[in-house]
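For reference, the structure is listed below as structure tokens.
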Amino acid sequence: MDNIIEYIKEKYHPYALIVYGSFADGTNNMNSDFDALAIADVFEKSHDNSVIDGTKLDLFIYPTDTFNEKTDLNDFDQIYDSKIVLDTDGIALKLVTKVRNYIDSKPKKSKSENHLNVEWCEKMLLRIQRNDPEGFFRLHWLLVDSLEIYFDLIGTAYQGPKKGLRKMFEIDRQGYDIYVKALSSSEYVHIQQWVRYLRKICESN
């Protein structure tokens, strides 16, 4: 990782460098990208996907004036569990703190909102039975969106599929097994089992 950081420093001269994803939490392997956000004196946002020492970068470089009171913090939820590597003037700490406070203070979905979301899953399930192109599309749509719905149901912030799946594995092995089976098989019976599991959680809360 040191060579990657040196490359970023030499090329962009950033004021701040925030690393997130697998390189931040130590779960990186030989196939992992280096996910990071840099803040530097650049005119516009850019992206660097160079390969350094066999590791592909997924680096976003932002101008220093990007982060102000109008910044949509939803666009930066990936840095919630990040690691600050460089912070010459405190801008990285300020941004990470704002993102964490924003996510932690987000109001949880109401019971009625959760019911509506589960009903949406059930309607999607019915349309999947058409077994036509639209049904196939809705199958994948349901599998993607229902993971975030799951976390709404249990009152926990959703932080994307990678962290979400790991969190589910840790706290709800039954739900994890049902969801992964639905993902891996895409068979109607397993997707139905997953939606029924969501309904069960919804009714119990």
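Chain labels A, B, ... are given in the sequence in which chains occur in the structure tokens; within each chain residues are numbered consecutively from 1, and ligands are likewise numbered from 1 in the order shown.
Summary of the local environment: counting only C-alpha atoms, residues at most 12 Å from A:Lys200, other than itself and those fewer than 3 positions away along its chain, are A:Asn114, A:His115, A:Val118, A:Tyr150, A:Leu153, A:Ile154, A:Gly175, A:Gln193, A:Trp194, A:Val195, A:Arg196, A:Tyr197, A:Glu203, A:Ser204, A:Asn205.
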Can you list every residue of stretch 6-69 of chain A that has an atom at most 9 Å from stretch 91-95 of chain A, with its nearest atom pair and the distance in Å to one decimal, using only C-alpha atoms, ordered by chain then number, as a Markdown table?
| residue | atom | partner | partner_atom | distance |
| --- | --- | --- | --- | --- |
| A:Tyr15 | CA | A:Ile91 | CA | 7.8 |
| A:Ala16 | CA | A:Ala92 | CA | 5.6 |
| A:Leu17 | CA | A:Ala92 | CA | 7.1 |
| A:Ile18 | CA | A:Ala92 | CA | 6.9 |
| A:Ala38 | CA | A:Ala92 | CA | 8.9 |
| A:Ile39 | CA | A:Ala92 | CA | 8.2 |
| A:Thr64 | CA | A:Ile91 | CA | 8.7 |
| A:Phe67 | CA | A:Leu95 | CA | 7.6 |
For the structure I just gave you, how does DSSP split stretch 6-114 of chain A - specifically, which residues are strand (DSSP E or B)? Reply as a PyMOL selection string.
chain A and resi 16-20+34-40+46-48+51-52+55-63+83-87
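Closest approach to A:Ile171 from the set A:Val99, A:Phe151, A:Asn28, A:Gly135 is made by A:Phe151, with distances taken over only C-alpha atoms.
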Would you kindly return, as JSON, numbers by chain, each protein, DNA or RNA residue with an atom no farther than 12 Å from any atom of A:Trp141, considering only C-alpha atoms and excluding same-chain residues fewer than 4 positions away?
{"A": [120, 121, 124, 125, 127, 128, 134, 135, 136, 137, 145, 146, 147, 148, 183, 186, 191]}
Can you write just those residues out, N, CA and C atoms, as a CSV table (one decimal), in the first residue's frame?
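Okay, this is what ended up in selection-v5.csv:
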chain,number,residue,atom,x,y,z
A,120,TRP,N,-44.0,-4.2,-1.6
A,120,TRP,CA,-43.4,-4.1,-2.9
A,120,TRP,C,-42.7,-5.3,-3.3
A,121,CYS,N,-42.0,-5.9,-2.4
A,121,CYS,CA,-41.2,-7.2,-2.7
A,121,CYS,C,-42.2,-8.3,-3.1
A,124,MET,N,-43.4,-7.7,-6.6
A,124,MET,CA,-42.4,-8.0,-7.5
A,124,MET,C,-42.3,-9.6,-7.7
A,125,LEU,N,-42.5,-10.3,-6.6
A,125,LEU,CA,-42.4,-11.7,-6.6
A,125,LEU,C,-43.5,-12.3,-7.5
A,127,ARG,N,-44.8,-10.8,-10.1
A,127,ARG,CA,-44.5,-10.4,-11.5
A,127,ARG,C,-43.4,-11.3,-12.1
A,128,ILE,N,-42.5,-11.8,-11.2
A,128,ILE,CA,-41.4,-12.6,-11.6
A,128,ILE,C,-42.0,-13.9,-12.2
A,134,GLU,N,-39.3,-9.1,-18.8
A,134,GLU,CA,-39.6,-8.2,-17.7
A,134,GLU,C,-39.5,-8.9,-16.3
A,135,GLY,N,-40.0,-10.1,-16.3
A,135,GLY,CA,-40.0,-10.9,-15.1
A,135,GLY,C,-38.5,-11.1,-14.6
A,136,PHE,N,-37.7,-11.5,-15.6
A,136,PHE,CA,-36.3,-11.7,-15.3
A,136,PHE,C,-35.6,-10.4,-14.7
A,137,PHE,N,-36.0,-9.3,-15.3
A,137,PHE,CA,-35.5,-8.0,-14.9
A,137,PHE,C,-35.9,-7.7,-13.4
A,145,ASP,N,-32.5,-4.7,-4.4
A,145,ASP,CA,-33.2,-3.7,-3.5
A,145,ASP,C,-33.6,-4.3,-2.2
A,146,SER,N,-33.9,-5.6,-2.2
A,146,SER,CA,-34.4,-6.2,-0.9
A,146,SER,C,-33.3,-6.3,0.1
A,147,LEU,N,-32.0,-6.2,-0.2
A,147,LEU,CA,-31.0,-6.2,0.8
A,147,LEU,C,-31.0,-5.0,1.6
A,148,GLU,N,-31.2,-3.8,1.0
A,148,GLU,CA,-31.4,-2.6,1.7
A,148,GLU,C,-32.6,-2.6,2.6
A,183,LEU,N,-29.8,-15.6,-4.2
A,183,LEU,CA,-28.9,-14.9,-5.1
A,183,LEU,C,-28.2,-15.9,-6.1
A,186,SER,N,-31.2,-18.0,-8.1
A,186,SER,CA,-32.2,-17.2,-8.9
A,186,SER,C,-33.5,-18.1,-9.1
A,191,ILE,N,-36.3,-17.4,-4.0
A,191,ILE,CA,-36.6,-16.0,-3.8
A,191,ILE,C,-37.9,-15.8,-3.0
